[in-house]
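Novice: Below you'll find the structure I mean.
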Amino acid sequence: MQFDVVSVLPALLAAMAEDGVIGQALRRRQISLRCWNPREYAQDVHRTVDDRPYGGGPGMVLQVGPVSAALAAARAAAPSGAPVIHLSPQGVRLTQSRVRALAELPGLVLLAGRYEGIDERLSREIDEEISIGDYVLTGGELPAMVLMDAVARLRSGVVGDPESLLVESFSGMLLDHPHYTRPAADTVYGSVPAVLLSGDHAAIARWRRKQALGRTWQRRPELLRAQCLDAESQALLREYMAEQRVDRPRGAEEEET
Ligand code: 9WO
C-alpha cells in the first residue's frame, strides 16, 4: 500500500513514520509514505501557497496553482487506480467498512488542507471527500494520519497477528472485549475473570464474544441495531443481559433485539 500525502506541513506526517506499528511497517516496506509539499511547487521567490479569500473574511485559502502541481506529482508517483481523497469536515464519514474498502486499493493520494481550506476549483482533482468526525481541526494532516493508520493495520503483515483482525472482518462491527494481563490478583484492583485462567480456549472465546456483544449493547446499541446477529450471538447477548439485569436501575428496560 502506497500513501502519497499532499500537505504544506509534511513534518507532522514524519511523526507517525518513526514509531509504532506504522513505523515498523514502513521500515519493512509493507507500506510506503511520501509527502508532496505544495510549497515546493510554488512559482514565486517567496514560495507562496496561500492568498486572501475572494469576498473577504478572515484567514487564507490554499491556491490552485501550487496544490494542483503537488497533486499532479503525487498522482504520477502513485500506483494507477489510487484515488485522490480530500480530508475535510464536508466529506462522508469514515467507517470501518469504508476503511476495509480503501485497504483493497494499491494506493491512496491524500490531500490535507490548512488555513481556511483549499480553493473550491480544486474539486475537479478530487475523487472523494472523507471526514473522520464532526469537529473542526486546524488542518487535514491528523485526519490523513488517522485514515492511513486504520488502513495500514488491515494490510497483511502490518498487524502482527492476523487472527486479531478476524473478529471484525467476519462479523459486523462490535466493540472489543476487555483485556487483562499479569498479575492475576491485585490487592487493590482485584482479580482477573477465572475463565481467562482456565486454559479452556472454547470457553474463553465464548466469554470474549459475550463481553463484546454485551459492551456493544450497553455502550453503542446503534451498532447492534445495524447488524443481524446469528442465533449463537443472540443467545450470548441474552445471557449477558440476564447477568446485568440484577444491578440495572429500575425503569431501565433493554430494547428488543
Ligand atoms: C472552519 C470553520 C469555522 C467556522 C465554522 C465552520 C468551519 N469550518 C472550518 C473548517 O473546516 N476549516 C478547515 C480546517 C479548513 C481545512 C483544514 N481544516 C480541517 C480539516 N479541519 N478539520 C478537518 C477535518 C478533516 C477530516 N475530518 C475531520 C476534520
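Labeling convention for the C-alpha cells: chains A, B, ... as they appear, residues from 1 per chain, ligands from 1 in order of appearance.
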Ligand 1: which residues are within 10 Å, counting only C-alpha atoms and all ligand atoms? Reply as a VMD selection string.

Specialist: chain A and resid 58 to 62 86 to 94 111 to 118 129 to 144 146 to 147

Novice: Can you pull out the residues contacting stretch 221-223 of chain A? Cut-off 9 Å, using only C-alpha atoms, and skip same-chain residues under 6 positions away; I want them as a list in words.

Specialist: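 Contacts, with the query itself left out: Gly172, Met173, Leu174, Leu175, Arg215 and Glu255 of chain A.
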
Novice: For atom CA of A:Arg182 and atom CA of A:Ala194, quote the distance in Å rounded to one decimal.

Specialist: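 Between atom CA of A:Arg182 and atom CA of A:Ala194 the gap is 12.9 Å.
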
Novice: Have a look at atom CA of A:Pro10 and atom CA of A:Gly23 and let me know their distance in Å, one decimal.

Specialist: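 Atom CA of A:Gly23 lies at a distance of 15.6 Å from atom CA of A:Pro10.
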
Novice: In Å, how far is it from atom CA of A:Ala212 to atom CA of A:Arg245?

Specialist: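 Atom CA of A:Arg245 lies 17.2 Å from atom CA of A:Ala212.
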
Novice: Find the residue from A:Pro106, A:Arg27, A:Val99, A:Arg219 that sits nearest to A:Arg153; use only C-alpha atoms when measuring.

Specialist: A:Val99

Novice: Go through A:Ala152, A:Ala14, A:Val6, A:Ala25 one by one, measure the shortest atom-to-atom distance of each to A:Ala69 using only C-alpha atoms, and give the residue with the smallest value.

Specialist: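 Nearest to A:Ala69: A:Val6.
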
Novice: Give the strand (DSSP E or B) residues of stretch 16-246 of chain A, as DSSP finds them on the backbone, and put them as a tab-separated table (two decimals) with N, CA and C atoms, in the first residue's frame.

Specialist:
chain	number	residue	atom	x	y	z
A	32	SER	N	4.34	2.33	2.05
A	32	SER	CA	5.26	3.44	1.80
A	32	SER	C	4.51	4.75	2.00
A	33	LEU	N	5.23	5.78	2.42
A	33	LEU	CA	4.64	7.09	2.69
A	33	LEU	C	5.53	8.15	2.08
A	34	ARG	N	4.94	8.92	1.14
A	34	ARG	CA	5.68	10.04	0.55
A	34	ARG	C	4.86	11.30	0.70
A	35	CYS	N	5.55	12.42	0.95
A	35	CYS	CA	4.87	13.70	1.12
A	35	CYS	C	5.19	14.62	-0.05
A	36	TRP	N	4.19	15.35	-0.47
A	36	TRP	CA	4.30	16.28	-1.59
A	36	TRP	C	3.85	17.65	-1.08
A	50	ASP	N	-0.66	30.36	-0.40
A	50	ASP	CA	-1.99	30.80	0.04
A	50	ASP	C	-2.20	32.27	-0.28
A	51	ASP	N	-3.46	32.67	-0.27
A	51	ASP	CA	-3.81	34.07	-0.54
A	51	ASP	C	-5.13	34.37	0.16
A	61	VAL	N	-6.52	31.12	1.98
A	61	VAL	CA	-7.01	29.95	1.24
A	61	VAL	C	-5.85	29.38	0.43
A	62	LEU	N	-5.71	28.07	0.41
A	62	LEU	CA	-4.65	27.42	-0.40
A	62	LEU	C	-4.98	27.60	-1.88
A	84	VAL	N	-7.78	10.15	-5.38
A	84	VAL	CA	-7.39	11.36	-4.64
A	84	VAL	C	-8.48	11.64	-3.61
A	85	ILE	N	-8.10	11.61	-2.34
A	85	ILE	CA	-9.05	11.79	-1.24
A	85	ILE	C	-8.71	13.07	-0.48
A	86	HIS	N	-9.69	13.98	-0.39
A	86	HIS	CA	-9.53	15.21	0.39
A	86	HIS	C	-10.10	15.00	1.77
A	87	LEU	N	-9.27	15.19	2.81
A	87	LEU	CA	-9.75	15.08	4.19
A	87	LEU	C	-10.43	16.39	4.56
A	88	SER	N	-11.73	16.33	4.84
A	88	SER	CA	-12.48	17.56	5.05
A	88	SER	C	-13.73	17.30	5.89
A	89	PRO	N	-14.10	18.28	6.74
A	89	PRO	CA	-15.32	18.11	7.53
A	89	PRO	C	-16.57	18.01	6.65
A	90	GLN	N	-16.48	18.41	5.38
A	90	GLN	CA	-17.62	18.31	4.46
A	90	GLN	C	-17.75	16.92	3.84
A	91	GLY	N	-16.79	16.03	4.11
A	91	GLY	CA	-16.79	14.72	3.47
A	91	GLY	C	-17.76	13.73	4.09
A	92	VAL	N	-17.83	12.53	3.48
A	92	VAL	CA	-18.62	11.45	4.07
A	92	VAL	C	-17.84	10.85	5.23
A	93	ARG	N	-18.55	10.43	6.26
A	93	ARG	CA	-17.89	9.94	7.46
A	93	ARG	C	-17.12	8.65	7.22
A	107	GLY	N	-3.06	2.05	-3.62
A	107	GLY	CA	-2.51	3.26	-3.03
A	107	GLY	C	-3.58	4.31	-2.84
A	108	LEU	N	-3.26	5.34	-2.04
A	108	LEU	CA	-4.16	6.46	-1.81
A	108	LEU	C	-3.37	7.75	-1.94
A	109	VAL	N	-3.95	8.74	-2.62
A	109	VAL	CA	-3.39	10.09	-2.63
A	109	VAL	C	-4.27	10.92	-1.70
A	110	LEU	N	-3.67	11.42	-0.62
A	110	LEU	CA	-4.44	12.13	0.41
A	110	LEU	C	-4.09	13.61	0.37
A	111	LEU	N	-5.12	14.44	0.31
A	111	LEU	CA	-4.93	15.90	0.30
A	111	LEU	C	-5.38	16.47	1.64
A	112	ALA	N	-4.42	17.08	2.36
A	112	ALA	CA	-4.70	17.67	3.67
A	112	ALA	C	-4.69	19.20	3.54
A	118	ILE	N	-9.01	24.78	0.95
A	118	ILE	CA	-8.45	24.86	-0.41
A	118	ILE	C	-9.43	25.62	-1.31
A	128	GLU	N	-12.81	11.81	-3.88
A	128	GLU	CA	-13.69	11.63	-2.72
A	128	GLU	C	-13.29	12.61	-1.63
A	129	GLU	N	-14.28	13.02	-0.82
A	129	GLU	CA	-14.02	13.80	0.38
A	129	GLU	C	-14.41	12.95	1.57
A	130	ILE	N	-13.50	12.82	2.53
A	130	ILE	CA	-13.75	11.99	3.70
A	130	ILE	C	-13.53	12.81	4.97
A	131	SER	N	-14.47	12.67	5.92
A	131	SER	CA	-14.38	13.28	7.24
A	131	SER	C	-14.16	12.19	8.28
A	185	ALA	N	-4.06	-11.56	40.38
A	185	ALA	CA	-4.79	-10.97	41.51
A	185	ALA	C	-4.01	-9.78	42.04
A	186	ASP	N	-4.74	-8.69	42.33
A	186	ASP	CA	-4.12	-7.48	42.87
A	186	ASP	C	-4.93	-7.05	44.08
A	190	GLY	N	-8.14	-6.02	42.29
A	190	GLY	CA	-8.93	-7.24	42.22
A	190	GLY	C	-8.36	-8.30	41.28
A	191	SER	N	-9.23	-9.27	40.94
A	191	SER	CA	-8.79	-10.46	40.21
A	191	SER	C	-9.22	-10.44	38.76

Novice: Can you pull out every residue from stretch 73-216 of chain A that DSSP, working from the backbone, puts in helix (DSSP H, G or I), and format the result as a PyMOL selection string?

Specialist: chain A and resi 73-77+96-103+120-125+141-152+162-170+194-197+201-216

Novice: Neighbours of A:Val21 within 9 Å (only C-alpha atoms; same-chain residues fewer than 5 positions away dropped), as a ChimeraX atom specification?

Specialist: /A:26,149,153,158-160

Novice: Quick one: write out the picked residues with all heavy atoms as a PDB file, in the first residue's frame?

Specialist:
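Saved to again.pdb:
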ATOM      1  N   LEU A  26       6.650   0.634   7.661  1.00  0.00           N
ATOM      2  CA  LEU A  26       7.401   1.445   6.691  1.00  0.00           C
ATOM      3  C   LEU A  26       8.822   0.908   6.543  1.00  0.00           C
ATOM      4  O   LEU A  26       9.321   0.754   5.417  1.00  0.00           O
ATOM      5  CB  LEU A  26       7.434   2.905   7.139  1.00  0.00           C
ATOM      6  CG  LEU A  26       6.149   3.708   6.916  1.00  0.00           C
ATOM      7  CD1 LEU A  26       6.170   4.996   7.743  1.00  0.00           C
ATOM      8  CD2 LEU A  26       5.961   4.039   5.441  1.00  0.00           C
ATOM      9  N   ASP A 149      -3.534   5.127   9.334  1.00  0.00           N
ATOM     10  CA  ASP A 149      -3.365   4.174  10.436  1.00  0.00           C
ATOM     11  C   ASP A 149      -4.417   3.068  10.351  1.00  0.00           C
ATOM     12  O   ASP A 149      -4.104   1.876  10.441  1.00  0.00           O
ATOM     13  CB  ASP A 149      -3.476   4.931  11.772  1.00  0.00           C
ATOM     14  CG  ASP A 149      -3.049   4.081  12.952  1.00  0.00           C
ATOM     15  OD1 ASP A 149      -3.871   3.271  13.417  1.00  0.00           O
ATOM     16  OD2 ASP A 149      -1.905   4.231  13.399  1.00  0.00           O
ATOM     17  N   ARG A 153      -3.231  -0.926   9.169  1.00  0.00           N
ATOM     18  CA  ARG A 153      -3.297  -2.077  10.078  1.00  0.00           C
ATOM     19  C   ARG A 153      -4.063  -3.247   9.476  1.00  0.00           C
ATOM     20  O   ARG A 153      -3.918  -4.373   9.930  1.00  0.00           O
ATOM     21  CB  ARG A 153      -3.874  -1.686  11.437  1.00  0.00           C
ATOM     22  CG  ARG A 153      -5.320  -1.322  11.446  1.00  0.00           C
ATOM     23  CD  ARG A 153      -5.811  -1.030  12.866  1.00  0.00           C
ATOM     24  NE  ARG A 153      -6.004  -2.249  13.660  1.00  0.00           N
ATOM     25  CZ  ARG A 153      -7.062  -3.049  13.545  1.00  0.00           C
ATOM     26  NH1 ARG A 153      -8.010  -2.771  12.685  1.00  0.00           N
ATOM     27  NH2 ARG A 153      -7.164  -4.129  14.282  1.00  0.00           N
ATOM     28  N   VAL A 158       1.091  -6.016   8.624  1.00  0.00           N
ATOM     29  CA  VAL A 158       1.283  -4.798   9.411  1.00  0.00           C
ATOM     30  C   VAL A 158       0.934  -5.059  10.873  1.00  0.00           C
ATOM     31  O   VAL A 158       1.669  -4.701  11.779  1.00  0.00           O
ATOM     32  CB  VAL A 158       0.472  -3.612   8.841  1.00  0.00           C
ATOM     33  CG1 VAL A 158       0.554  -2.407   9.756  1.00  0.00           C
ATOM     34  CG2 VAL A 158       0.992  -3.252   7.451  1.00  0.00           C
ATOM     35  N   VAL A 159      -0.221  -5.697  11.102  1.00  0.00           N
ATOM     36  CA  VAL A 159      -0.556  -6.128  12.460  1.00  0.00           C
ATOM     37  C   VAL A 159       0.012  -7.533  12.638  1.00  0.00           C
ATOM     38  O   VAL A 159      -0.197  -8.403  11.794  1.00  0.00           O
ATOM     39  CB  VAL A 159      -2.085  -6.115  12.697  1.00  0.00           C
ATOM     40  CG1 VAL A 159      -2.429  -6.783  14.020  1.00  0.00           C
ATOM     41  CG2 VAL A 159      -2.600  -4.687  12.681  1.00  0.00           C
ATOM     42  N   GLY A 160       0.749  -7.747  13.715  1.00  0.00           N
ATOM     43  CA  GLY A 160       1.482  -8.991  13.911  1.00  0.00           C
ATOM     44  C   GLY A 160       0.634 -10.241  13.764  1.00  0.00           C
ATOM     45  O   GLY A 160       0.981 -11.148  13.019  1.00  0.00           O
TER      46      GLY A 160
END

Novice: When you count only C-alpha atoms, which of these residues is closest to A:Ser80: A:Gln2, A:Gln43, A:Gln218, A:Ser97?

Specialist: A:Gln2

Novice: Show me, as an mmCIF file with N, CA, C and O atoms, in the first residue's frame, the residues that have an atom within 10 Å of stretch 230-233 of chain A when counting only C-alpha atoms, minus same-chain residues fewer than 3 positions from it.

Specialist:
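The result, written out as around.cif:
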data_model
loop_
_atom_site.group_PDB
_atom_site.id
_atom_site.type_symbol
_atom_site.label_atom_id
_atom_site.label_comp_id
_atom_site.auth_asym_id
_atom_site.auth_seq_id
_atom_site.Cartn_x
_atom_site.Cartn_y
_atom_site.Cartn_z
ATOM 1 N N SER A 171 -17.585 -10.623 11.205
ATOM 2 C CA SER A 171 -18.845 -10.193 11.807
ATOM 3 C C SER A 171 -19.054 -8.731 11.481
ATOM 4 O O SER A 171 -18.250 -8.106 10.831
ATOM 5 N N ARG A 206 -15.870 -17.913 23.908
ATOM 6 C CA ARG A 206 -17.287 -17.670 24.165
ATOM 7 C C ARG A 206 -17.457 -16.467 25.107
ATOM 8 O O ARG A 206 -18.287 -15.596 24.881
ATOM 9 N N ARG A 209 -16.601 -13.192 23.260
ATOM 10 C CA ARG A 209 -17.670 -12.815 22.335
ATOM 11 C C ARG A 209 -18.855 -12.236 23.112
ATOM 12 O O ARG A 209 -19.441 -11.247 22.717
ATOM 13 N N LYS A 210 -19.181 -12.873 24.239
ATOM 14 C CA LYS A 210 -20.288 -12.397 25.080
ATOM 15 C C LYS A 210 -19.993 -10.994 25.606
ATOM 16 O O LYS A 210 -20.873 -10.122 25.595
ATOM 17 N N LEU A 213 -20.311 -8.465 22.699
ATOM 18 C CA LEU A 213 -21.731 -8.213 22.409
ATOM 19 C C LEU A 213 -22.362 -7.367 23.504
ATOM 20 O O LEU A 213 -23.066 -6.393 23.230
ATOM 21 N N GLN A 227 -26.926 -4.470 12.552
ATOM 22 C CA GLN A 227 -26.471 -5.773 12.056
ATOM 23 C C GLN A 227 -27.382 -6.904 12.530
ATOM 24 O O GLN A 227 -28.098 -6.764 13.511
ATOM 25 N N LEU A 236 -25.829 -15.542 23.441
ATOM 26 C CA LEU A 236 -24.780 -14.979 24.298
ATOM 27 C C LEU A 236 -25.196 -13.614 24.839
ATOM 28 O O LEU A 236 -24.986 -13.310 26.013
ATOM 29 N N LEU A 237 -25.799 -12.796 23.977
ATOM 30 C CA LEU A 237 -26.228 -11.462 24.415
ATOM 31 C C LEU A 237 -27.324 -11.572 25.469
ATOM 32 O O LEU A 237 -27.314 -10.835 26.458
ATOM 33 N N ARG A 238 -28.250 -12.522 25.289
ATOM 34 C CA ARG A 238 -29.312 -12.714 26.303
ATOM 35 C C ARG A 238 -28.704 -13.122 27.640
ATOM 36 O O ARG A 238 -29.153 -12.663 28.689
ATOM 37 N N GLU A 239 -27.709 -14.007 27.598
ATOM 38 C CA GLU A 239 -27.006 -14.399 28.833
ATOM 39 C C GLU A 239 -26.415 -13.175 29.512
ATOM 40 O O GLU A 239 -26.554 -12.989 30.724
#

Novice: Counting only C-alpha atoms, what is within 10 Å of A:Glu104, bar same-chain residues fewer than 2 positions away, as a ChimeraX atom specification?

Specialist: /A:1,99-102,106-107,151,154-155

Novice: For each of A:Asp44, A:Asp119, A:Glu18, A:Asp200, take the minimum atom-to-atom distance to A:Val67, counting only C-alpha atoms, then give the residue where this is smallest.

Specialist: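 Under the stated criterion, the closest residue is A:Asp119.
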
Novice: I need the residue nearest A:Leu196 from this list: A:Ala184, A:Ala150, A:Cys228, A:Met16. Use only C-alpha atoms for the distance.

Specialist: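 Among the listed residues, the smallest separation from A:Leu196 belongs to A:Ala184.
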